[in-house]
Structures are given as structure tokens and as C-alpha cells.
$ cat coords26.txt   # compact mmCIF, C-alpha atoms
# COMPACT_ATOMS: atom_id res chain seq x y z
CA MET A 4 15.62 -89.54 39.00
CA LEU A 5 16.05 -87.35 35.98
CA LEU A 6 13.63 -84.88 34.48
CA LEU A 7 13.26 -85.60 30.80
CA ALA A 8 12.63 -82.90 28.21
CA LEU A 9 11.06 -84.49 25.16
CA PRO A 10 10.37 -83.40 21.63
CA MET A 11 6.62 -83.09 21.04
CA VAL A 12 5.60 -86.75 21.48
CA SER A 13 2.01 -87.81 20.81
CA GLN A 14 0.02 -89.08 23.80
CA ALA A 15 -3.44 -90.56 24.34
CA GLU A 16 -6.20 -88.15 23.42
CA LEU A 17 -8.75 -86.76 25.82
CA ASN A 18 -12.23 -88.17 25.31
CA ILE A 19 -14.87 -85.51 24.61
CA VAL A 20 -18.27 -85.71 26.32
CA ILE A 21 -20.98 -83.11 25.70
CA SER A 22 -23.11 -82.51 28.78
CA GLY A 23 -25.97 -80.16 29.43
CA GLY A 24 -28.21 -78.70 26.76
CA GLN A 25 -27.37 -76.63 23.74
CA GLU A 26 -31.11 -76.25 23.08
CA SER A 27 -30.93 -72.51 23.66
CA GLY A 28 -28.35 -72.08 20.90
CA VAL A 29 -28.95 -71.18 17.27
CA PRO A 30 -30.05 -74.27 15.31
CA ILE A 31 -27.52 -75.07 12.60
CA ALA A 32 -27.19 -78.03 10.25
CA VAL A 33 -23.70 -79.23 9.35
CA VAL A 34 -24.24 -81.81 6.62
CA PRO A 35 -21.64 -84.61 6.36
CA PHE A 36 -19.18 -83.50 3.69
CA ALA A 37 -19.04 -85.48 0.47
CA THR A 38 -15.70 -87.29 0.40
CA THR A 39 -13.87 -90.38 -0.77
CA THR A 40 -11.47 -90.12 2.18
CA ASN A 41 -11.83 -91.47 5.72
CA THR A 42 -12.01 -88.03 7.28
CA ASP A 43 -15.15 -86.72 9.03
CA LEU A 44 -14.88 -82.97 9.29
CA SER A 45 -18.57 -82.33 9.93
CA SER A 46 -18.63 -84.05 13.34
CA ILE A 47 -15.64 -81.96 14.48
CA ILE A 48 -17.35 -78.76 13.27
CA ARG A 49 -20.56 -79.70 15.09
CA ALA A 50 -18.68 -80.40 18.33
CA ASP A 51 -16.82 -77.08 18.06
CA LEU A 52 -20.02 -75.10 17.55
CA ALA A 53 -21.81 -76.95 20.35
CA ARG A 54 -18.91 -76.25 22.73
CA SER A 55 -19.38 -72.52 22.23
CA GLY A 56 -22.84 -72.70 23.80
CA GLN A 57 -24.21 -70.42 21.10
CA PHE A 58 -25.23 -73.11 18.61
CA ALA A 59 -27.45 -76.18 18.69
CA PRO A 60 -26.19 -78.39 15.83
CA LEU A 61 -28.74 -80.79 14.41
CA THR A 62 -27.99 -84.50 14.54
CA THR A 63 -27.58 -86.41 11.28
CA ASP A 64 -31.01 -88.06 11.61
CA GLN A 65 -32.62 -84.60 11.78
CA LEU A 66 -31.37 -83.64 8.31
CA PRO A 67 -33.99 -83.83 5.54
CA SER A 68 -31.28 -84.41 2.92
CA GLN A 69 -27.49 -84.35 2.55
CA PRO A 70 -26.46 -81.92 -0.20
CA SER A 71 -22.80 -81.06 -0.72
CA THR A 72 -23.11 -77.92 -2.88
CA PRO A 73 -25.47 -74.92 -2.74
CA ASP A 74 -27.17 -75.83 -6.02
CA GLN A 75 -28.27 -79.14 -4.49
CA VAL A 76 -30.06 -77.45 -1.59
CA GLN A 77 -33.87 -77.35 -1.73
CA PHE A 78 -34.50 -74.47 0.65
CA ASP A 79 -38.25 -75.06 1.00
CA GLN A 80 -37.41 -78.48 2.38
CA TRP A 81 -34.98 -76.99 4.91
CA ARG A 82 -37.31 -74.14 5.94
CA ALA A 83 -39.78 -76.74 7.16
CA GLY A 84 -37.20 -77.89 9.73
CA LYS A 85 -35.38 -76.29 12.63
CA ALA A 86 -32.12 -75.14 11.08
CA GLN A 87 -31.55 -71.41 10.64
CA TYR A 88 -28.18 -71.97 8.97
CA LEU A 89 -26.84 -74.73 6.77
CA VAL A 90 -23.27 -75.86 6.11
CA VAL A 91 -22.47 -78.08 3.11
CA GLY A 92 -19.20 -79.09 1.51
CA LYS A 93 -16.83 -81.70 0.17
CA VAL A 94 -13.32 -82.98 0.95
CA GLU A 95 -10.77 -84.12 -1.62
CA GLN A 96 -7.28 -85.53 -1.29
CA GLN A 97 -4.60 -83.83 -3.35
CA GLY A 98 -1.26 -85.54 -2.87
CA GLY A 99 -0.32 -85.30 0.81
CA SER A 100 -3.05 -82.76 1.61
CA TYR A 101 -6.78 -82.57 2.12
CA GLN A 102 -8.73 -79.76 0.47
CA ALA A 103 -12.16 -78.85 1.80
CA THR A 104 -14.67 -76.66 0.00
CA PHE A 105 -17.54 -75.48 2.19
CA TYR A 106 -20.48 -73.09 2.08
CA LEU A 107 -22.44 -71.41 4.87
CA LEU A 108 -26.04 -70.71 3.84
CA ASN A 109 -28.86 -68.74 5.45
CA VAL A 110 -31.91 -71.02 5.34
CA SER A 111 -34.54 -68.28 5.65
CA ASN A 112 -33.45 -66.25 2.59
CA GLY A 113 -31.33 -68.80 0.72
CA GLN A 114 -28.31 -66.50 0.65
CA GLN A 115 -24.71 -67.70 0.78
CA MET A 116 -22.90 -66.14 3.76
CA ALA A 117 -19.49 -67.71 3.21
CA GLY A 118 -17.77 -69.98 0.75
CA ARG A 119 -14.14 -71.00 1.13
CA VAL A 120 -11.54 -73.54 0.09
CA ILE A 121 -9.23 -74.64 2.93
CA SER A 122 -6.38 -77.11 2.72
CA ALA A 123 -3.95 -78.69 5.17
CA PRO A 124 -1.60 -81.67 5.27
CA ILE A 125 -3.33 -84.99 5.93
CA SER A 126 -1.61 -85.10 9.32
CA ALA A 127 -3.38 -81.82 10.25
CA GLU A 128 -6.81 -82.62 8.85
CA ARG A 129 -8.60 -81.64 12.08
CA SER A 130 -7.28 -78.10 11.72
CA ILE A 131 -9.41 -77.76 8.56
CA ALA A 132 -12.55 -78.46 10.59
CA HIS A 133 -11.51 -76.05 13.35
CA ARG A 134 -10.81 -73.30 10.80
CA ILE A 135 -14.19 -73.84 9.16
CA ALA A 136 -15.88 -73.66 12.57
CA ASP A 137 -14.01 -70.41 13.26
CA ILE A 138 -15.29 -68.89 10.01
CA ILE A 139 -18.87 -69.99 10.71
CA PHE A 140 -18.70 -68.58 14.23
CA LYS A 141 -17.41 -65.21 13.02
CA GLN A 142 -19.93 -64.92 10.18
CA ILE A 143 -22.92 -65.52 12.47
CA THR A 144 -21.83 -63.94 15.77
CA GLY A 145 -19.40 -61.27 14.58
CA VAL A 146 -16.77 -62.57 17.03
CA ARG A 147 -13.58 -64.30 15.96
CA GLY A 148 -13.74 -68.06 16.54
CA ALA A 149 -11.27 -69.74 18.92
CA PHE A 150 -11.50 -73.39 17.86
CA ASP A 151 -8.25 -73.51 15.87
CA THR A 152 -6.21 -72.84 19.02
CA LYS A 153 -4.25 -74.87 21.58
CA ILE A 154 -4.57 -75.70 25.26
CA ALA A 155 -1.83 -76.66 27.71
CA TYR A 156 -2.41 -78.79 30.79
CA VAL A 157 -0.66 -81.09 33.25
CA THR A 158 -1.33 -84.80 33.75
CA GLU A 159 -0.40 -86.92 36.74
CA THR A 160 -0.33 -90.71 36.74
CA ASP A 161 -1.88 -92.67 39.59
CA GLY A 162 0.29 -94.59 42.02
CA PRO A 163 2.59 -94.14 45.01
CA LEU A 164 3.95 -90.61 45.42
CA ASN A 165 7.52 -91.60 44.56
CA LYS A 166 6.43 -93.35 41.36
CA ARG A 167 4.07 -90.78 39.86
CA ARG A 168 4.92 -89.14 36.58
CA TYR A 169 3.89 -85.64 35.58
CA THR A 170 3.61 -84.45 32.00
CA LEU A 171 3.07 -81.03 30.48
CA GLU A 172 0.89 -81.44 27.39
CA VAL A 173 -0.22 -79.24 24.52
CA ALA A 174 -3.31 -80.23 22.53
CA ASP A 175 -5.92 -78.83 20.16
CA SER A 176 -8.66 -76.81 21.85
CA ASP A 177 -10.91 -79.89 21.91
CA GLY A 178 -8.25 -82.09 23.51
CA ALA A 179 -7.25 -83.88 20.29
CA ASN A 180 -3.68 -84.35 19.07
CA PRO A 181 -1.97 -84.07 22.47
CA GLN A 182 1.80 -83.64 22.42
CA THR A 183 4.11 -84.03 25.43
CA VAL A 184 6.23 -80.94 26.08
CA LEU A 185 7.86 -82.23 29.25
CA SER A 186 7.77 -85.41 31.34
CA SER A 187 9.07 -85.53 34.90
CA THR A 188 9.09 -87.49 38.14
CA TYR A 189 8.75 -84.13 39.90
CA PRO A 190 5.48 -82.15 40.04
CA LEU A 191 4.71 -79.69 37.23
CA MET A 192 2.04 -77.02 37.46
CA SER A 193 0.67 -73.63 36.38
CA PRO A 194 1.56 -73.39 32.67
CA THR A 195 1.12 -69.97 31.08
CA TRP A 196 1.41 -69.11 27.37
CA SER A 197 3.50 -66.41 25.78
CA PRO A 198 1.20 -64.13 23.75
CA ASP A 199 2.71 -65.35 20.47
CA GLY A 200 2.04 -68.99 21.41
CA THR A 201 5.66 -70.13 20.96
CA LYS A 202 6.61 -70.58 24.63
CA LEU A 203 5.29 -71.83 27.94
CA ALA A 204 6.32 -70.80 31.43
CA TYR A 205 5.53 -73.22 34.23
CA VAL A 206 6.46 -74.35 37.73
CA SER A 207 8.67 -77.41 38.20
CA PHE A 208 9.79 -78.99 41.45
CA GLU A 209 12.87 -80.65 40.03
CA GLY A 210 15.66 -80.70 42.59
CA ARG A 211 12.85 -80.92 45.19
CA ARG A 212 12.24 -77.16 45.23
CA SER A 213 9.94 -74.97 43.19
CA GLY A 214 11.28 -72.95 40.29
CA ILE A 215 9.80 -71.20 37.27
CA TRP A 216 10.98 -72.39 33.87
CA VAL A 217 10.45 -71.06 30.34
CA GLN A 218 10.38 -73.48 27.42
CA ASP A 219 10.38 -72.88 23.66
CA LEU A 220 7.78 -75.16 22.05
CA ARG A 221 9.53 -75.09 18.68
CA THR A 222 12.97 -76.21 19.84
CA GLY A 223 12.33 -77.76 23.24
CA GLN A 224 15.04 -75.58 24.75
CA ARG A 225 14.30 -74.18 28.19
CA TYR A 226 15.83 -72.17 30.99
CA GLN A 227 15.12 -71.53 34.65
CA LEU A 228 13.72 -68.05 35.20
CA THR A 229 13.60 -68.03 39.03
CA LYS A 230 14.99 -70.19 41.83
CA PHE A 231 14.61 -68.01 44.92
CA PRO A 232 14.33 -69.57 48.38
CA GLY A 233 10.77 -70.46 49.31
CA ILE A 234 7.84 -70.26 46.89
CA ASN A 235 8.37 -69.69 43.17
CA GLY A 236 4.90 -70.04 41.74
CA ALA A 237 1.87 -68.95 39.70
CA PRO A 238 3.60 -67.43 36.64
CA SER A 239 1.49 -65.26 34.32
CA TRP A 240 2.77 -63.93 30.99
CA SER A 241 2.00 -60.29 30.20
CA PRO A 242 -0.08 -59.40 27.09
CA LYS A 243 2.93 -57.82 25.34
CA GLY A 244 5.18 -60.77 26.17
CA ASN A 245 7.91 -58.72 27.86
CA LYS A 246 7.11 -59.56 31.50
CA ILE A 247 6.01 -62.42 33.71
CA ALA A 248 4.16 -61.89 36.97
CA LEU A 249 4.82 -64.49 39.66
CA THR A 250 4.51 -65.30 43.34
CA LEU A 251 7.64 -65.33 45.53
CA SER A 252 7.97 -65.76 49.28
CA LYS A 253 11.75 -65.30 49.72
CA PHE A 254 11.53 -66.23 53.45
CA SER A 255 8.46 -64.01 54.01
CA SER A 256 4.76 -63.99 53.14
CA PRO A 257 4.01 -64.72 49.49
CA ASN A 258 3.88 -61.55 47.38
CA ILE A 259 3.40 -60.62 43.75
CA TYR A 260 6.48 -59.71 41.71
CA VAL A 261 7.06 -58.89 38.04
CA VAL A 262 10.19 -59.94 36.19
CA ASP A 263 11.30 -58.12 33.03
CA LEU A 264 12.27 -60.80 30.52
CA ASP A 265 14.77 -58.54 28.74
CA THR A 266 16.71 -57.28 31.76
CA ARG A 267 15.66 -59.87 34.41
CA ALA A 268 14.93 -56.92 36.70
CA LEU A 269 12.52 -57.88 39.49
CA THR A 270 9.80 -55.48 40.72
CA GLN A 271 7.82 -56.18 43.87
CA VAL A 272 4.15 -55.28 43.44
CA THR A 273 2.62 -56.21 46.83
CA ASN A 274 4.34 -55.88 50.20
CA ASP A 275 2.37 -56.78 53.31
CA GLY A 276 1.94 -59.65 55.74
CA SER A 277 -0.94 -61.29 53.86
CA ILE A 278 -0.82 -64.03 51.25
CA ASN A 279 -0.79 -62.53 47.74
CA THR A 280 -0.75 -64.91 44.79
CA GLU A 281 -2.25 -65.99 41.43
CA ALA A 282 -1.67 -62.79 39.48
CA SER A 283 -3.20 -62.22 36.06
CA TRP A 284 -2.86 -59.26 33.71
CA MET A 285 -5.23 -56.62 32.46
CA PRO A 286 -4.88 -55.87 28.71
CA ASN A 287 -2.97 -52.64 29.42
CA ASN A 288 0.14 -54.72 30.29
CA GLN A 289 0.41 -52.83 33.61
CA THR A 290 -2.42 -53.61 36.01
CA LEU A 291 -2.45 -56.94 37.86
CA VAL A 292 -5.40 -58.79 39.32
CA PHE A 293 -4.57 -61.24 42.12
CA THR A 294 -5.78 -63.21 45.14
CA SER A 295 -5.12 -61.86 48.64
CA ASP A 296 -6.40 -62.67 52.14
CA ARG A 297 -5.67 -59.17 53.43
CA SER A 298 -9.40 -58.63 54.10
CA GLY A 299 -9.64 -61.75 56.28
CA SER A 300 -10.57 -64.27 53.57
CA PRO A 301 -9.31 -64.85 50.02
CA GLN A 302 -10.68 -62.16 47.68
CA ILE A 303 -9.67 -60.64 44.33
CA PHE A 304 -7.82 -57.33 44.16
CA GLU A 305 -6.24 -55.24 41.42
CA GLN A 306 -3.13 -53.10 41.58
CA THR A 307 -0.86 -51.23 39.20
CA PRO A 308 2.79 -51.25 40.27
CA GLY A 309 3.76 -47.85 41.68
CA ALA A 310 0.22 -46.48 41.49
CA GLY A 311 -1.10 -46.61 45.04
CA SER A 312 -2.91 -49.25 47.07
CA ALA A 313 -4.80 -52.28 45.81
CA LYS A 314 -8.51 -52.13 45.00
CA ARG A 315 -10.83 -54.94 46.08
CA LEU A 316 -12.95 -56.36 43.24
CA THR A 317 -15.04 -59.16 44.78
CA PHE A 318 -17.80 -58.87 47.38
CA GLY A 319 -20.72 -60.97 48.56
CA VAL A 320 -18.87 -64.30 48.68
CA SER A 321 -16.74 -65.69 51.51
CA TYR A 322 -14.10 -66.98 49.11
CA ALA A 323 -12.89 -65.69 45.73
CA ALA A 324 -9.59 -66.77 44.18
CA GLY A 325 -7.88 -68.00 41.03
CA SER A 326 -8.88 -65.05 38.88
CA ALA A 327 -8.54 -64.65 35.13
CA VAL A 328 -9.26 -61.52 33.08
CA SER A 329 -11.01 -61.75 29.72
CA PRO A 330 -8.96 -60.64 26.69
CA ASP A 331 -11.03 -57.46 26.34
CA GLY A 332 -10.57 -56.59 30.02
CA LYS A 333 -14.31 -56.47 30.71
CA THR A 334 -14.94 -59.73 32.57
CA LEU A 335 -13.38 -61.34 35.62
CA ALA A 336 -13.53 -65.12 36.04
CA MET A 337 -12.69 -66.83 39.33
CA LEU A 338 -13.40 -69.61 41.80
CA ALA A 339 -16.11 -68.45 44.18
CA GLY A 340 -17.88 -70.13 47.05
CA GLY A 341 -17.48 -71.23 50.63
CA ASN A 342 -18.08 -74.34 52.69
CA GLY A 343 -20.40 -75.75 50.05
CA GLY A 344 -17.62 -75.98 47.49
CA TYR A 345 -15.96 -73.82 44.88
CA ARG A 346 -17.47 -73.07 41.49
CA VAL A 347 -16.34 -71.11 38.46
CA ALA A 348 -18.02 -67.71 38.36
CA VAL A 349 -17.78 -64.48 36.37
CA GLN A 350 -18.54 -60.83 37.00
CA SER A 351 -18.07 -57.66 35.02
CA LEU A 352 -15.10 -55.52 35.96
CA SER A 353 -17.29 -52.43 35.79
CA GLY A 354 -20.11 -53.74 37.98
CA GLY A 355 -18.58 -53.17 41.40
CA GLY A 356 -18.76 -56.85 42.27
CA ASN A 357 -22.57 -56.92 42.31
CA ASP A 358 -23.23 -59.06 39.24
CA LEU A 359 -21.53 -62.36 40.12
CA ARG A 360 -22.82 -65.25 38.00
CA TYR A 361 -21.91 -68.91 38.37
CA ILE A 362 -20.78 -70.78 35.26
CA SER A 363 -20.21 -74.30 36.60
CA ASN A 364 -22.53 -76.60 38.50
CA GLY A 365 -19.96 -78.61 40.45
CA GLY A 366 -18.30 -77.87 43.75
CA SER A 367 -14.66 -78.79 43.25
CA GLU A 368 -13.38 -76.80 40.29
CA GLU A 369 -9.97 -75.21 39.84
CA ARG A 370 -8.73 -71.90 38.41
CA PRO A 371 -10.32 -71.08 35.00
CA SER A 372 -8.67 -69.85 31.81
CA PHE A 373 -10.32 -67.78 29.06
CA ALA A 374 -10.42 -68.70 25.39
CA PRO A 375 -8.61 -65.99 23.39
CA ASN A 376 -11.94 -64.61 22.12
CA GLY A 377 -13.37 -64.44 25.65
CA THR A 378 -16.45 -66.57 24.92
CA MET A 379 -15.46 -69.78 26.77
CA LEU A 380 -13.64 -70.90 29.91
CA ILE A 381 -11.60 -74.06 30.48
CA TYR A 382 -10.97 -75.40 33.97
CA ALA A 383 -10.20 -78.62 35.85
CA SER A 384 -12.88 -80.33 37.90
CA GLN A 385 -12.76 -83.25 40.31
CA SER A 386 -14.91 -86.15 39.13
CA GLY A 387 -15.32 -89.63 40.60
CA GLY A 388 -12.00 -89.66 42.40
CA GLY A 389 -10.17 -88.36 39.32
CA SER A 390 -10.22 -85.12 37.42
CA VAL A 391 -11.38 -83.86 34.02
CA LEU A 392 -11.16 -80.66 32.00
CA LYS A 393 -14.38 -78.81 31.30
CA VAL A 394 -15.14 -76.15 28.71
CA SER A 395 -18.08 -73.89 29.54
CA PRO A 396 -19.45 -71.01 27.48
CA LEU A 397 -20.06 -67.63 29.08
CA ALA A 398 -23.27 -67.39 27.04
CA GLY A 399 -25.66 -70.26 26.53
CA ALA A 400 -25.86 -73.51 28.47
CA GLY A 401 -24.09 -76.85 28.70
CA SER A 402 -20.43 -77.79 28.74
CA GLN A 403 -17.99 -80.21 27.18
CA THR A 404 -15.90 -82.55 29.30
CA LEU A 405 -12.41 -83.58 28.21
CA ARG A 406 -11.73 -86.82 30.09
CA PHE A 407 -8.28 -88.36 30.33
CA ALA A 408 -8.03 -92.16 30.09
CA SER A 409 -6.36 -92.53 33.50
CA GLY A 410 -4.74 -90.44 36.20
CA LYS A 411 -5.41 -86.77 36.82
CA VAL A 412 -5.49 -83.79 34.50
CA ARG A 413 -5.32 -80.22 35.78
CA ASP A 414 -4.03 -76.65 35.38
CA PRO A 415 -5.39 -75.98 31.87
CA ALA A 416 -4.31 -72.81 30.09
CA TRP A 417 -5.92 -71.72 26.81
CA GLY A 418 -3.40 -70.53 24.25
CA PRO A 419 -3.58 -67.43 22.03
CA PHE A 420 -4.92 -67.17 18.49
CA GLN A 421 -2.71 -68.85 15.93
CA GLY A 422 -1.80 -66.63 13.00
CA ALA A 423 -3.99 -64.16 11.17
CA GLU A 424 -7.77 -64.44 11.16
CA GLN A 425 -9.19 -66.52 8.33

$ encode --input "coords26.txt" --output "C-alpha cells"
Amino acid sequence: MLLLALPMVSQAELNIVISGGQESGVPIAVVPFATTTNTDLSSIIRADLARSGQFAPLTTDQLPSQPSTPDQVQFDQWRAGKAQYLVVGKVEQQGGSYQATFYLLNVSNGQQMAGRVISAPISAERSIAHRIADIIFKQITGVRGAFDTKIAYVTETDGPLNKRRYTLEVADSDGANPQTVLSSTYPLMSPTWSPDGTKLAYVSFEGRRSGIWVQDLRTGQRYQLTKFPGINGAPSWSPKGNKIALTLSKFSSPNIYVVDLDTRALTQVTNDGSINTEASWMPNNQTLVFTSDRSGSPQIFEQTPGAGSAKRLTFGVSYAAGSAVSPDGKTLAMLAGGNGGYRVAVQSLSGGGNDLRYISNGGSEERPSFAPNGTMLIYASQSGGGSVLKVSPLAGAGSQTLRFASGKVRDPAWGPFQGAEQ
């Protein structure tokens, strides 16, 4: 059976389900944009803002009117309702492109906070909505939005083991527009993004042994980075893009190594008889955070190569693994729990492990991944015999579920920002 590298082929989209309450978020009204096209940008913007956990978008039947320009807005009418902010706009087709004009208005004082014209090819119309949501998010919260970004994940078809197919997919941050990067009869897992968003590293079991591969998303070209005896797993790309941390066993206990992508020099970071795996990087491009059972049970440690012994970061739980560090280096996300199941949790990296807070409500989640602005986490969760992807905000309540039509979906990795800020 051959592994097949494909150009970016479209696949079935993930279905989006909003669960939990966004009632604690800021009420905002996104009025359906005036348009003669078939596009519906406003629903995409509302879903983006709701996913952040910081906004509570009004439903269409809660809108007192549907203006499309600021001069059509009767603010006294809107002040009698719930919305603190109002978004109005229109969409026009110009040749092979859509052009959207939108305005963000403060309901209480009637002031315009933002007004922009954004265009994109018709084939990329959803990116217009994501970019508008990013601008709204930044204007109100002061934090760059992360909706116009990508996620990578792995799907597995149901069926007998020797007939399953695994695909590595890249999609918009809300699961729309999925594209197949790689399809294989051998298991694929653990994708990690290069910081410029042009490449993925991942684990493939082609040839019936694990190896770490690097693939260029623009050309489809790829190469095998490691093929040592034993485990080759859990790759993690460094913030500067010049290194990849990984787990190797090489006929001994699994340990953390770092490979220099320019010279291919390999540096061993941990060296003991325990299991050390699942490394992630601090923003300084030096320090690694990883899972180890050296204390008797899986816990999270940090270590800088060549700078002494590892420091334990997690306490108070019998199990902590699968860590991820927020882009600003202030927050640690992980799987935490015990016999009752494993849930996504976060703690500050300056709190000494005493401020653990659970993000998910389930008991069978997998390793989380931060959005590039640090405000949301994506992770896989077992559900009804299958699996889904969930997006949960660090602030606010509720989550969004990205449900695949059939089979299993797992190992999500949130990609970096795309281009300059709007």
C-alpha cells in the first residue's frame, strides 16, 4: 500500500455546533449585510465572535431593524435593546471578487469605532468575514483577533485496521474549507506548524515504523527529518522556526531532543530512565516544557538545554500531560485529572502551580493547542463513540464543537497569524 501525497484537495467540512452559553459575553448586534449576492458574511462573523467567549451576538429576531449604513441607524431604537455594539455593512460583487464595506458602532454614544472596505476573490469569501471579525475583536478587546487563521488536524476513517485511511487536513479556524495535505493507509499524528505557516511537521508510520516528516504546504514537497530506531514522535516547531523538538527512544527510555533544521545537529535535552515526551516551546526559543513521569506520575516540567535540572510546574493533580504554552509565555494549558477522566486545564506559569483552572467539562479530551492570540484552545474530545474538535475560550463560557461527518478527528494544531494585522 502506497502513501499518497496530494495537492490541497477539498474535503467535507466540519459541522459547527455552538454549545454552552455566551450570555456572559458583551452583547453585540451583527446585522445581515445588504447584498445582491448569495453570501452571508454576518452569520460567519457572529459565529467567530461567539467562539471567542467574549461576545454574545444577538440573533436576527432580536434586531429592532436592519440598517446597512451608519446614517440609517436610529440609535435611540438600539439603546432600548441589549446590544452595546452594532455592526452594519454591505457586500458587492466586482468581477471575480466580493467587496465588503462594514462599520462598527458604539451604541451608547453613537460613535463609529471602525469602518473598512475589505475584498477577496469569490472563492475566498469566508476570509472577508473572518477578517472583519478580527478587526471587531481588536477594536473592542485590544487583542489581535485570530479568526482568519488555519488549523491542522488528522482524520481516521472507520473500519478494519488494515483498511483505515488517515488524512492530514488544513482548514479555516472554524473548520470550513478543509484541504487534504496528505492521505495514507498508515497512521498520521501530531502535526505542528512552522511559525510562518508555510510548513507542517508530523509523525507518519509509513514503512510500519514511526518517522517525523516535514512538508511544504505550498508545493506539497516533503522530506523525512528523523528515522531513528524506536520512537520518533511528538514534534514541536520552535518559535523562530530554526529548530524542532521531538521525542526519541533510540533503544532506551523516551527522551526529549532538539534538531537544528539548518545543520541537522541533534541535541539531547533530557537523559534519565523516565518517560519524557510532548515537548513544547517557551517564547524565548530555548526553554522546553514537557511531560515526564520522573516524579512517579505524569507531570509537567520545564528545562533549558545545558542550564541545569528540570523544574516541575504542576502540582495538586495526579496526572498532568500534553502541555502547551501560550504565545505570550504566561499560561500553561494541559490535560489534567486522574481516574475520573482527563480534562483540559490551564494555570499561570508564574503561579507556582496553585491556580489550576479547568476549561473543559468532559472527561476524555486530548492535548490542547493555543490560538495564536492566546485567547482560545482547540482540542479533540471523545463523543458518542467517535471524536470531535472543540474550541473553548480561556475567558467567558461555552464552546464550539467541530464535528466530522464520519470517522474520527484528532490531533488539532492551531496555526500562526497569516500576514500583517489588518

$ closest_residue --input "coords26.txt" --among "A:Thr290, A:Thr378, A:Ser372, A:Gln96" --to "A:Asn41" --atoms "all atoms listed in the file"
A:Gln96

$ residues_around --input "coords26.txt" --residues "A:Phe373" --least-positions-apart "2" --cutoff "9 Å" --atoms "only C-alpha atoms" --output "list in words"
Ala327, Val328, Ser329, Pro330, Ala336, Pro371, Pro375, Asn376, Gly377, Thr378, Met379, Leu380, Ile381, Ala416, Trp417 and Gly418 of chain A

$ write_last_selection --input "coords26.txt" --atoms "C-alpha atoms" --output "compact mmCIF listing (two decimals), in the frame of the given file"
# COMPACT_ATOMS: atom_id res chain seq x y z
CA ALA A 327 -8.54 -64.65 35.13
CA VAL A 328 -9.26 -61.52 33.08
CA SER A 329 -11.01 -61.75 29.72
CA PRO A 330 -8.96 -60.64 26.69
CA ALA A 336 -13.53 -65.12 36.04
CA PRO A 371 -10.32 -71.08 35.00
CA PRO A 375 -8.61 -65.99 23.39
CA ASN A 376 -11.94 -64.61 22.12
CA GLY A 377 -13.37 -64.44 25.65
CA THR A 378 -16.45 -66.57 24.92
CA MET A 379 -15.46 -69.78 26.77
CA LEU A 380 -13.64 -70.90 29.91
CA ILE A 381 -11.60 -74.06 30.48
CA ALA A 416 -4.31 -72.81 30.09
CA TRP A 417 -5.92 -71.72 26.81
CA GLY A 418 -3.40 -70.53 24.25

$ residues_near_point --input "coords26.txt" --point "(-10.0, -73.3, -0.4)" --cutoff "8 Å" --atoms "all atoms listed in the file" --output "ChimeraX atom specification"
/A:102-104,119-122

$ atom_distance --input "coords26.txt" --atom1 "atom CA of A:Ala268" --atom2 "atom CA of A:Pro198"
20.2 Å

$ residues_around --input "coords26.txt" --residues "stretch 79-90 of chain A" --least-positions-apart "2" --cutoff "6 Å" --atoms "all atoms listed in the file" --output "PyMOL selection string"
chain A and resi 30-33+77+106-110

$ closest_residue --input "coords26.txt" --among "A:Glu281, A:Asp331, A:Asp358, A:Asp263" --to "A:Phe318" --atoms "only C-alpha atoms"
A:Asp358

$ atom_distance --input "coords26.txt" --atom1 "atom CA of A:Pro190" --atom2 "atom CA of A:Tyr205"
10.7 Å

$ closest_residue --input "coords26.txt" --among "A:Arg167, A:Lys202, A:Lys153, A:Arg225" --to "A:Pro181" --atoms "only C-alpha atoms"
A:Lys153

$ residues_around --input "coords26.txt" --residues "A:Ala282" --least-positions-apart "5" --cutoff "8 Å" --atoms "only C-alpha atoms" --output "list in words"
Ala237, Pro238, Ser239, Ala248, Leu249, Thr250, Ile259, Leu291, Val292, Phe293, Thr294 and Ser326 of chain A

$ closest_residue --input "coords26.txt" --among "A:Ser298, A:Gln227, A:Ser353, A:Asn364" --to "A:Phe208" --atoms "all atoms listed in the file"
A:Gln227

$ closest_residue --input "coords26.txt" --among "A:Ser283, A:Ser384, A:Thr183, A:Thr222" --to "A:Asp414" --atoms "only C-alpha atoms"
A:Ser384

$ atom_distance --input "coords26.txt" --atom1 "atom CA of A:Pro35" --atom2 "atom CA of A:Pro419"
29.4 Å

$ residues_around --input "coords26.txt" --residues "A:Ser100" --least-positions-apart "6" --cutoff "7 Å" --atoms "only C-alpha atoms" --output "VMD selection string"
chain A and resid 122 to 125

$ closest_residue --input "coords26.txt" --among "A:Thr62, A:Thr229, A:Ser176, A:Thr72" --to "A:Arg129" --atoms "all atoms listed in the file"
A:Ser176

$ axis_aligned_box --input "coords26.txt" --around "stretch 164-175 of chain A" --padding-each-side "5 Å" --output "JSON"
{"center_x": 0.8, "center_y": -86.1, "center_z": 32.8, "size_x": 23.4, "size_y": 24.5, "size_z": 35.3}

$ residues_around --input "coords26.txt" --residues "A:Lys314" --least-positions-apart "5" --cutoff "8 Å" --atoms "all atoms listed in the file" --output "ChimeraX atom specification"
/A:304-306
